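As structure tokens, the structure follows; a few thoughts come after it.
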Amino acid sequence: MTKHLPALFTSLKIRDVTLKNRIMVSPMSMYSAIDGYATEWHYTHYAKYATGGAGLVCIEASKVDTNGVGTLGDLGLWKDEHIAPIKRIADMIRSEGSISGIQLNHSGRKAGTARPWHGFGPLDRSVKVEGRDHWPVVAPSPIAYLDGWPVPRELTQDGIDEVIAAFAQAARRANDAGIDVLEIHGAHGYLIHEFLSPAANQRKDRYGGSMENRMRFALEVTQAVRRCWPAGKPLFFRVSAQDENGWTIGDSIVLARELKPLGVDAIDCSSGGISVRSPTASNIAHQLGFQVPFAEAIRREADIMTIAVGLIVKTQQAEGILANGQADIVALGREMLYNPFWPIHAAAELGLDPEFRNMPEQYGWWLARRAKAGYK
Ligand SMILES: Cc1cc2nc3c(=O)[nH]c(=O)nc-3n(C[C@H](O)[C@H](O)[C@H](O)COP(=O)(O)O)c2cc1C
């Protein structure tokens, strides 16, 4: 009798790219870049996941232009010189048998902040930051994120066109770096989410007001990115499936239905961030898998693949999400920080790979022999 393969470890072909399993390392900013350049820290960090068995390693939010920079440690793809160190990481991920992704973002009115471990607050704009002048903070409307945060400059039509072109150029650079999956960051209160939000976007032109108008920027970014991103490579879009100030799961379903014909393959379903401090709401106690119902609803109602994320930590929990048809991929963030070998441990827990063949042979050869000797 052939053993039924757990859903977690079935492969997934999207366009010309095949993920060996359904486990994605969620994009997680390291706030450790220098002038947007990836450093040795990034290489070491992503190498752990490449050898850890995840099907898809999604590199953190990378900023498409300098006005979109959040902290001075943000990763960048706003100039061609950023390509080489990302390519080194992408090559390494491929050589370890995984697929590389990267997320593109513009921080909008949340630009210009301290690193998380320095409080994550808005920088004091009256003094230089690490010897640099401040960069303008732009957004759909001149509405501050929170009290005490800078009032952003309202983007003009030319400014909007420039940001859209910057997203497209960043997509081209990601391809030049050998990245295989691209994710547009439309969540967590950053620029694209700000355009979608009736609270942050109070424009009177064709980008504000009706739902159709508020979606326009997200759709134009997606179209421009798709044009620069090879047809054979998957494109994901991360949404805040619902937020604290007017954007609903129903709105996300409408958006997902619009994104699909533009060439988006999967919706990555996060939430919140438009009017609370923490995009990951990491200080708030949530239930395990609290965002999974969003992935399930969007998958069902918009007939598009979804990625579930948010406190997915246990093997059987992750397996259940996929086996029950709630999502097509599970993304893990903080649990991967804790245990980069999570996919290999999950395989062992599910009774797969007793010979440790999923592991790099430099490790697996030894562990298989240790297991045969009676030690697990
Ligand atoms: C250190 C850290 C950095 C993060 N950076 C990003 C990011 O660059 N882009 C993004 O969309 N989400 C980011 N997130 C959110 C995660 O991708 C994920 O959605 C969130 O942590 C919830 O999943 P988890 O409970 O598995 O950690 C970050 C989270 C952490 C912990």
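Note on naming: chains are A, B, ... as they come in the structure tokens, residues start from 1 per chain, ligands start from 1 in the order shown.
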
Next item on the list: Pick out the residues sitting within 12 Å of A:Val57, and hand them over as a PyMOL selection string; count only C-alpha atoms, and ignore anything fewer than 3 positions along from it in its own chain.
Entry: chain A and resi 19-28+45-54+60+89-90+92-94+96-103+179-183+330-333+336+340+343

Check: Any idea what's packed within 7 Å of A:Ala171, counting only C-alpha atoms, ignoring anything in its chain fewer than 4 positions away? Could you give it as a list in words?
Finding: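 Selected residues are Phe167, Asn175, Val225, Cys228 and Trp229 of chain A.
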
Let me see the file: selected residues, N, CA and C atoms, as an mmCIF file, in the first residue's frame.
data_model
loop_
_atom_site.group_PDB
_atom_site.id
_atom_site.type_symbol
_atom_site.label_atom_id
_atom_site.label_comp_id
_atom_site.auth_asym_id
_atom_site.auth_seq_id
_atom_site.Cartn_x
_atom_site.Cartn_y
_atom_site.Cartn_z
ATOM 1 N N PHE A 167 8.334 50.423 -8.851
ATOM 2 C CA PHE A 167 7.967 49.024 -8.588
ATOM 3 C C PHE A 167 8.372 48.149 -9.784
ATOM 4 N N ASN A 175 14.344 39.997 -11.062
ATOM 5 C CA ASN A 175 14.556 38.966 -12.084
ATOM 6 C C ASN A 175 16.036 38.876 -12.451
ATOM 7 N N VAL A 225 4.302 45.795 -12.759
ATOM 8 C CA VAL A 225 5.222 44.754 -12.289
ATOM 9 C C VAL A 225 5.134 43.544 -13.208
ATOM 10 N N CYS A 228 7.149 43.609 -16.307
ATOM 11 C CA CYS A 228 8.612 43.471 -16.158
ATOM 12 C C CYS A 228 9.005 42.142 -15.548
ATOM 13 N N TRP A 229 8.043 41.318 -15.217
ATOM 14 C CA TRP A 229 8.323 40.067 -14.497
ATOM 15 C C TRP A 229 7.974 38.928 -15.447
#

Could you pull the residues within 8 Å of stretch 119-133 of chain A, counting only C-alpha atoms, minus those fewer than 5 positions along the same chain, as a PDB file with C-alpha atoms, in the first residue's frame?
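Below you can see part28.pdb, which holds the result:
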ATOM      1  CA  LYS A 110       5.219  54.803   7.576  1.00  0.00           C
ATOM      2  CA  ALA A 111       8.602  55.744   6.062  1.00  0.00           C
ATOM      3  CA  GLY A 112      11.377  57.191   8.202  1.00  0.00           C
ATOM      4  CA  THR A 113      11.283  55.151  11.390  1.00  0.00           C
ATOM      5  CA  ALA A 114      13.711  53.802  13.929  1.00  0.00           C
ATOM      6  CA  GLY A 148       3.050  62.407  16.522  1.00  0.00           C
ATOM      7  CA  TRP A 149       3.926  60.861  13.166  1.00  0.00           C
ATOM      8  CA  PRO A 150       4.811  63.097  10.199  1.00  0.00           C
TER       9      PRO A 150
END

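Proximity to A:Leu5 at 10 Å, evaluated using only C-alpha atoms and with sequence-adjacent residues fewer than 4 positions away removed, yields A:Phe9, A:Thr10, A:Leu350, A:Gly351, A:Leu352.
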
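Distance annotation: of A:Asp74, A:Glu244, A:Asp91, A:Asp161, the residue with the minimal separation from ligand 1 is A:Asp74; atom set is only C-alpha atoms and all ligand atoms.
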
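Each of A:Glu335, A:Glu154, A:Asp303, A:Asp353 was checked against ligand 1 using only C-alpha atoms and all ligand atoms; the smallest atom-to-atom distance is that of A:Glu335.
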
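Between atom CA of A:Asn339 and atom 3 (C, counted along the ligand's line) of ligand 1 lies a distance of 15.2 Å.
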
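Compared by their closest atoms to A:Phe217, and using only C-alpha atoms, the residues A:Ala256, A:Ile160, A:Ala368, A:Leu146 rank with A:Ile160 nearest.
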
Apply DSSP to the structure's backbone, then extract all residues of stretch 96-269 of chain A labelled alpha helix (DSSP H) and return them as a tab-separated table (two decimals) with N, CA and C atoms, in the first residue's frame.
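What ended up in result.tsv:
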chain	number	residue	atom	x	y	z
A	157	GLN	N	0.04	63.21	-9.42
A	157	GLN	CA	-0.05	62.18	-10.48
A	157	GLN	C	1.35	61.78	-10.95
A	158	ASP	N	2.25	62.78	-11.10
A	158	ASP	CA	3.62	62.44	-11.51
A	158	ASP	C	4.30	61.56	-10.47
A	159	GLY	N	4.06	61.89	-9.21
A	159	GLY	CA	4.64	61.10	-8.12
A	159	GLY	C	4.12	59.68	-8.15
A	160	ILE	N	2.84	59.52	-8.40
A	160	ILE	CA	2.24	58.17	-8.49
A	160	ILE	C	2.89	57.41	-9.64
A	161	ASP	N	3.02	58.08	-10.78
A	161	ASP	CA	3.62	57.41	-11.95
A	161	ASP	C	5.06	56.97	-11.63
A	162	GLU	N	5.77	57.84	-10.91
A	162	GLU	CA	7.17	57.49	-10.58
A	162	GLU	C	7.23	56.26	-9.66
A	163	VAL	N	6.32	56.19	-8.68
A	163	VAL	CA	6.35	55.04	-7.77
A	163	VAL	C	5.99	53.76	-8.53
A	164	ILE	N	5.01	53.86	-9.42
A	164	ILE	CA	4.63	52.67	-10.20
A	164	ILE	C	5.82	52.21	-11.05
A	165	ALA	N	6.50	53.18	-11.66
A	165	ALA	CA	7.68	52.82	-12.47
A	165	ALA	C	8.78	52.23	-11.60
A	166	ALA	N	8.88	52.72	-10.36
A	166	ALA	CA	9.91	52.19	-9.45
A	166	ALA	C	9.60	50.74	-9.08
A	167	PHE	N	8.33	50.42	-8.85
A	167	PHE	CA	7.97	49.02	-8.59
A	167	PHE	C	8.37	48.15	-9.78
A	168	ALA	N	8.08	48.64	-10.99
A	168	ALA	CA	8.39	47.85	-12.19
A	168	ALA	C	9.90	47.64	-12.33
A	169	GLN	N	10.66	48.69	-12.08
A	169	GLN	CA	12.13	48.56	-12.18
A	169	GLN	C	12.67	47.61	-11.12
A	170	ALA	N	12.09	47.66	-9.94
A	170	ALA	CA	12.53	46.75	-8.87
A	170	ALA	C	12.21	45.30	-9.26
A	171	ALA	N	11.08	45.09	-9.92
A	171	ALA	CA	10.74	43.74	-10.39
A	171	ALA	C	11.77	43.26	-11.41
A	172	ARG	N	12.13	44.15	-12.30
A	172	ARG	CA	13.15	43.80	-13.30
A	172	ARG	C	14.47	43.43	-12.61
A	173	ARG	N	14.82	44.19	-11.58
A	173	ARG	CA	16.08	43.89	-10.86
A	173	ARG	C	15.98	42.55	-10.12
A	174	ALA	N	14.81	42.27	-9.57
A	174	ALA	CA	14.64	40.98	-8.87
A	174	ALA	C	14.86	39.84	-9.86
A	175	ASN	N	14.34	40.00	-11.06
A	175	ASN	CA	14.56	38.97	-12.08
A	175	ASN	C	16.04	38.88	-12.45
A	176	ASP	N	16.66	40.03	-12.62
A	176	ASP	CA	18.10	40.02	-12.93
A	176	ASP	C	18.91	39.34	-11.83
A	191	LEU	N	2.32	51.81	1.59
A	191	LEU	CA	1.73	52.69	0.57
A	191	LEU	C	0.54	52.08	-0.18
A	192	ILE	N	0.68	50.84	-0.64
A	192	ILE	CA	-0.42	50.28	-1.44
A	192	ILE	C	-1.68	50.13	-0.58
A	193	HIS	N	-1.49	49.65	0.64
A	193	HIS	CA	-2.63	49.53	1.57
A	193	HIS	C	-3.22	50.91	1.86
A	194	GLU	N	-2.38	51.93	1.96
A	194	GLU	CA	-2.88	53.29	2.23
A	194	GLU	C	-3.81	53.76	1.11
A	195	PHE	N	-3.46	53.44	-0.14
A	195	PHE	CA	-4.35	53.80	-1.25
A	195	PHE	C	-5.67	53.05	-1.15
A	196	LEU	N	-5.62	51.78	-0.73
A	196	LEU	CA	-6.85	50.99	-0.64
A	196	LEU	C	-7.76	51.49	0.48
A	211	MET	N	-14.46	52.48	-4.23
A	211	MET	CA	-13.61	51.28	-4.13
A	211	MET	C	-12.79	51.12	-5.42
A	212	GLU	N	-13.47	51.31	-6.54
A	212	GLU	CA	-12.78	51.18	-7.84
A	212	GLU	C	-11.58	52.13	-7.90
A	213	ASN	N	-11.79	53.36	-7.46
A	213	ASN	CA	-10.69	54.33	-7.50
A	213	ASN	C	-9.59	53.99	-6.50
A	214	ARG	N	-9.98	53.55	-5.30
A	214	ARG	CA	-8.96	53.23	-4.29
A	214	ARG	C	-8.13	52.01	-4.67
A	215	MET	N	-8.72	51.12	-5.47
A	215	MET	CA	-7.96	49.94	-5.92
A	215	MET	C	-7.02	50.26	-7.07
A	216	ARG	N	-7.23	51.42	-7.71
A	216	ARG	CA	-6.54	51.71	-8.98
A	216	ARG	C	-5.01	51.62	-8.83
A	217	PHE	N	-4.48	52.21	-7.75
A	217	PHE	CA	-3.02	52.22	-7.58
A	217	PHE	C	-2.48	50.79	-7.46
A	218	ALA	N	-3.15	49.98	-6.65
A	218	ALA	CA	-2.69	48.58	-6.47
A	218	ALA	C	-2.71	47.85	-7.81
A	219	LEU	N	-3.75	48.08	-8.58
A	219	LEU	CA	-3.89	47.37	-9.86
A	219	LEU	C	-2.86	47.88	-10.87
A	220	GLU	N	-2.61	49.19	-10.86
A	220	GLU	CA	-1.61	49.74	-11.79
A	220	GLU	C	-0.20	49.27	-11.44
A	221	VAL	N	0.08	49.20	-10.14
A	221	VAL	CA	1.39	48.66	-9.72
A	221	VAL	C	1.52	47.22	-10.22
A	222	THR	N	0.46	46.44	-10.02
A	222	THR	CA	0.51	45.02	-10.40
A	222	THR	C	0.72	44.87	-11.91
A	223	GLN	N	-0.02	45.66	-12.68
A	223	GLN	CA	0.15	45.58	-14.15
A	223	GLN	C	1.56	45.93	-14.56
A	224	ALA	N	2.10	46.99	-13.96
A	224	ALA	CA	3.45	47.44	-14.33
A	224	ALA	C	4.49	46.39	-13.93
A	225	VAL	N	4.30	45.80	-12.76
A	225	VAL	CA	5.22	44.75	-12.29
A	225	VAL	C	5.13	43.54	-13.21
A	226	ARG	N	3.92	43.14	-13.54
A	226	ARG	CA	3.74	41.95	-14.38
A	226	ARG	C	4.44	42.10	-15.73
A	227	ARG	N	4.40	43.34	-16.25
A	227	ARG	CA	5.05	43.58	-17.55
A	227	ARG	C	6.56	43.36	-17.48
A	228	CYS	N	7.15	43.61	-16.31
A	228	CYS	CA	8.61	43.47	-16.16
A	228	CYS	C	9.00	42.14	-15.55
A	249	ILE	N	-12.90	42.06	4.77
A	249	ILE	CA	-12.59	40.85	4.03
A	249	ILE	C	-13.36	40.86	2.69
A	250	GLY	N	-14.57	41.42	2.70
A	250	GLY	CA	-15.32	41.54	1.44
A	250	GLY	C	-14.55	42.38	0.42
A	251	ASP	N	-13.94	43.47	0.89
A	251	ASP	CA	-13.13	44.31	-0.01
A	251	ASP	C	-11.95	43.50	-0.56
A	252	SER	N	-11.35	42.69	0.30
A	252	SER	CA	-10.18	41.90	-0.15
A	252	SER	C	-10.58	40.89	-1.22
A	253	ILE	N	-11.78	40.35	-1.08
A	253	ILE	CA	-12.26	39.40	-2.09
A	253	ILE	C	-12.44	40.12	-3.43
A	254	VAL	N	-13.02	41.31	-3.37
A	254	VAL	CA	-13.19	42.10	-4.60
A	254	VAL	C	-11.82	42.38	-5.23
A	255	LEU	N	-10.87	42.78	-4.39
A	255	LEU	CA	-9.52	43.09	-4.89
A	255	LEU	C	-8.88	41.84	-5.50
A	256	ALA	N	-9.01	40.72	-4.83
A	256	ALA	CA	-8.39	39.48	-5.33
A	256	ALA	C	-8.97	39.10	-6.69
A	257	ARG	N	-10.26	39.32	-6.85
A	257	ARG	CA	-10.88	39.01	-8.16
A	257	ARG	C	-10.33	39.91	-9.26
A	258	GLU	N	-9.95	41.14	-8.90
A	258	GLU	CA	-9.35	42.06	-9.88
A	258	GLU	C	-7.89	41.71	-10.17
A	259	LEU	N	-7.20	41.22	-9.14
A	259	LEU	CA	-5.77	40.95	-9.30
A	259	LEU	C	-5.52	39.70	-10.15

Check: Using only C-alpha atoms, which residues sit within 9 Å of A:Gln326 once same-chain residues fewer than 5 positions away are excluded, as a PyMOL selection string?
Finding: chain A and resi 292-297+299-300+306-308+320-321

Produce a file of the selected residues containing C-alpha atoms, as a PDB file, in the first residue's frame.
ATOM      1  CA  VAL A 292      -6.395  31.410   8.290  1.00  0.00           C
ATOM      2  CA  PRO A 293     -10.134  32.191   7.828  1.00  0.00           C
ATOM      3  CA  PHE A 294      -9.110  35.090   5.554  1.00  0.00           C
ATOM      4  CA  ALA A 295      -7.076  32.777   3.333  1.00  0.00           C
ATOM      5  CA  GLU A 296      -9.972  30.351   3.253  1.00  0.00           C
ATOM      6  CA  ALA A 297     -12.560  33.003   2.336  1.00  0.00           C
ATOM      7  CA  ARG A 299      -9.567  31.205  -1.865  1.00  0.00           C
ATOM      8  CA  ARG A 300     -13.208  30.173  -1.989  1.00  0.00           C
ATOM      9  CA  THR A 306      -3.953  31.677  -1.122  1.00  0.00           C
ATOM     10  CA  ILE A 307      -1.179  31.695   1.435  1.00  0.00           C
ATOM     11  CA  ALA A 308      -2.122  31.415   5.096  1.00  0.00           C
ATOM     12  CA  GLY A 320      -4.761  20.645   8.519  1.00  0.00           C
ATOM     13  CA  ILE A 321      -4.887  24.095   6.884  1.00  0.00           C
TER      14      ILE A 321
END

Note to self: Using only C-alpha atoms, which protein or nucleic acid residues come within 9 Å of A:Asn245? Drop anything in the same chain fewer than 2 positions from it, and give the result as a PyMOL selection string.
What the structure shows: chain A and resi 197-200+242-243+247-248+272+274-275

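Separating atom CA of A:Ala177 from atom CA of A:Pro116 is a distance of 27.9 Å.
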
Need to verify the contact set: A:Gly108, 9 Å, only C-alpha atoms, exclusion of same-chain residues closer than 4 positions in sequence. Can you return it as a PDB file with C-alpha atoms, in the first residue's frame?
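selection_29.pdb, written as the output of this step:
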ATOM      1  CA  ASN A  67      11.171  57.789  -0.244  1.00  0.00           C
ATOM      2  CA  GLY A  68       9.737  54.386   0.540  1.00  0.00           C
ATOM      3  CA  VAL A  69      12.467  53.475   2.998  1.00  0.00           C
ATOM      4  CA  GLY A  70      11.196  52.668   6.478  1.00  0.00           C
ATOM      5  CA  VAL A 137       7.348  60.984   3.501  1.00  0.00           C
ATOM      6  CA  VAL A 138       4.670  60.524   0.841  1.00  0.00           C
ATOM      7  CA  ALA A 139       1.196  58.999   0.871  1.00  0.00           C
ATOM      8  CA  PRO A 140      -2.145  59.189  -0.950  1.00  0.00           C
ATOM      9  CA  PRO A 152       2.926  62.944   4.618  1.00  0.00           C
ATOM     10  CA  GLY A 189      -0.497  50.029   6.314  1.00  0.00           C
ATOM     11  CA  TYR A 190       2.225  50.690   3.750  1.00  0.00           C
ATOM     12  CA  LEU A 191       1.732  52.692   0.570  1.00  0.00           C
ATOM     13  CA  ILE A 192      -0.420  50.276  -1.438  1.00  0.00           C
ATOM     14  CA  GLU A 194      -2.881  53.287   2.226  1.00  0.00           C
TER      15      GLU A 194
END

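Picture a line from atom 22 (C, counted along the ligand's line) of ligand 1 to atom CA of A:Arg334; it runs 6.8 Å.
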
Next item on the list: Please run DSSP on the backbone and report, as a list in words, all residues within stretch 19-81 of chain A that come out as strand (DSSP E or B).
Entry: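 Selection result, strand (DSSP E or B) within stretch 19-81 of chain A: Leu19, Ile23, Met24, Val25, Ile34, Tyr37, Leu56, Val57, Cys58, Ile59, Glu60, Ala61, Ser62, Lys63, Leu75 and Gly76 of chain A.
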
Atoms to include: N, CA and C atoms. Write the selected residues as a PDB file, in the first residue's frame.
ATOM      1  N   LEU A  19       7.466  24.346  -6.446  1.00  0.00           N
ATOM      2  CA  LEU A  19       7.871  24.329  -5.035  1.00  0.00           C
ATOM      3  C   LEU A  19       7.867  22.878  -4.581  1.00  0.00           C
ATOM      4  N   ILE A  23       5.639  24.867   2.116  1.00  0.00           N
ATOM      5  CA  ILE A  23       6.101  25.672   3.254  1.00  0.00           C
ATOM      6  C   ILE A  23       6.913  26.864   2.757  1.00  0.00           C
ATOM      7  N   MET A  24       6.454  28.053   3.149  1.00  0.00           N
ATOM      8  CA  MET A  24       7.124  29.293   2.720  1.00  0.00           C
ATOM      9  C   MET A  24       7.668  30.007   3.954  1.00  0.00           C
ATOM     10  N   VAL A  25       8.870  30.490   3.832  1.00  0.00           N
ATOM     11  CA  VAL A  25       9.387  31.376   4.876  1.00  0.00           C
ATOM     12  C   VAL A  25       8.789  32.753   4.595  1.00  0.00           C
ATOM     13  N   ILE A  34      22.622  47.941   4.572  1.00  0.00           N
ATOM     14  CA  ILE A  34      23.368  49.201   4.608  1.00  0.00           C
ATOM     15  C   ILE A  34      23.118  49.900   3.281  1.00  0.00           C
ATOM     16  N   TYR A  37      21.723  47.752   0.711  1.00  0.00           N
ATOM     17  CA  TYR A  37      22.476  46.562   0.280  1.00  0.00           C
ATOM     18  C   TYR A  37      22.325  45.423   1.287  1.00  0.00           C
ATOM     19  N   LEU A  56       9.839  27.438  -0.295  1.00  0.00           N
ATOM     20  CA  LEU A  56       9.989  28.805  -0.797  1.00  0.00           C
ATOM     21  C   LEU A  56      10.559  29.685   0.312  1.00  0.00           C
ATOM     22  N   VAL A  57      11.657  30.330   0.016  1.00  0.00           N
ATOM     23  CA  VAL A  57      12.263  31.267   0.966  1.00  0.00           C
ATOM     24  C   VAL A  57      12.015  32.671   0.434  1.00  0.00           C
ATOM     25  N   CYS A  58      11.107  33.383   1.075  1.00  0.00           N
ATOM     26  CA  CYS A  58      10.774  34.733   0.579  1.00  0.00           C
ATOM     27  C   CYS A  58      11.624  35.763   1.315  1.00  0.00           C
ATOM     28  N   ILE A  59      12.487  36.399   0.574  1.00  0.00           N
ATOM     29  CA  ILE A  59      13.333  37.462   1.137  1.00  0.00           C
ATOM     30  C   ILE A  59      12.432  38.640   1.502  1.00  0.00           C
ATOM     31  N   GLU A  60      12.851  39.333   2.522  1.00  0.00           N
ATOM     32  CA  GLU A  60      12.078  40.424   3.136  1.00  0.00           C
ATOM     33  C   GLU A  60      11.687  41.558   2.173  1.00  0.00           C
ATOM     34  N   ALA A  61      10.820  42.437   2.697  1.00  0.00           N
ATOM     35  CA  ALA A  61      10.393  43.629   1.975  1.00  0.00           C
ATOM     36  C   ALA A  61      11.608  44.413   1.498  1.00  0.00           C
ATOM     37  N   SER A  62      11.628  44.686   0.206  1.00  0.00           N
ATOM     38  CA  SER A  62      12.733  45.435  -0.385  1.00  0.00           C
ATOM     39  C   SER A  62      12.155  46.703  -0.978  1.00  0.00           C
ATOM     40  N   LYS A  63      12.784  47.814  -0.668  1.00  0.00           N
ATOM     41  CA  LYS A  63      12.179  49.091  -0.988  1.00  0.00           C
ATOM     42  C   LYS A  63      12.460  49.497  -2.434  1.00  0.00           C
ATOM     43  N   LEU A  75      16.095  46.684   3.374  1.00  0.00           N
ATOM     44  CA  LEU A  75      16.694  46.175   2.140  1.00  0.00           C
ATOM     45  C   LEU A  75      16.163  46.989   0.961  1.00  0.00           C
ATOM     46  N   GLY A  76      16.972  47.129  -0.092  1.00  0.00           N
ATOM     47  CA  GLY A  76      16.548  47.930  -1.226  1.00  0.00           C
ATOM     48  C   GLY A  76      16.704  47.226  -2.557  1.00  0.00           C
TER      49      GLY A  76
END
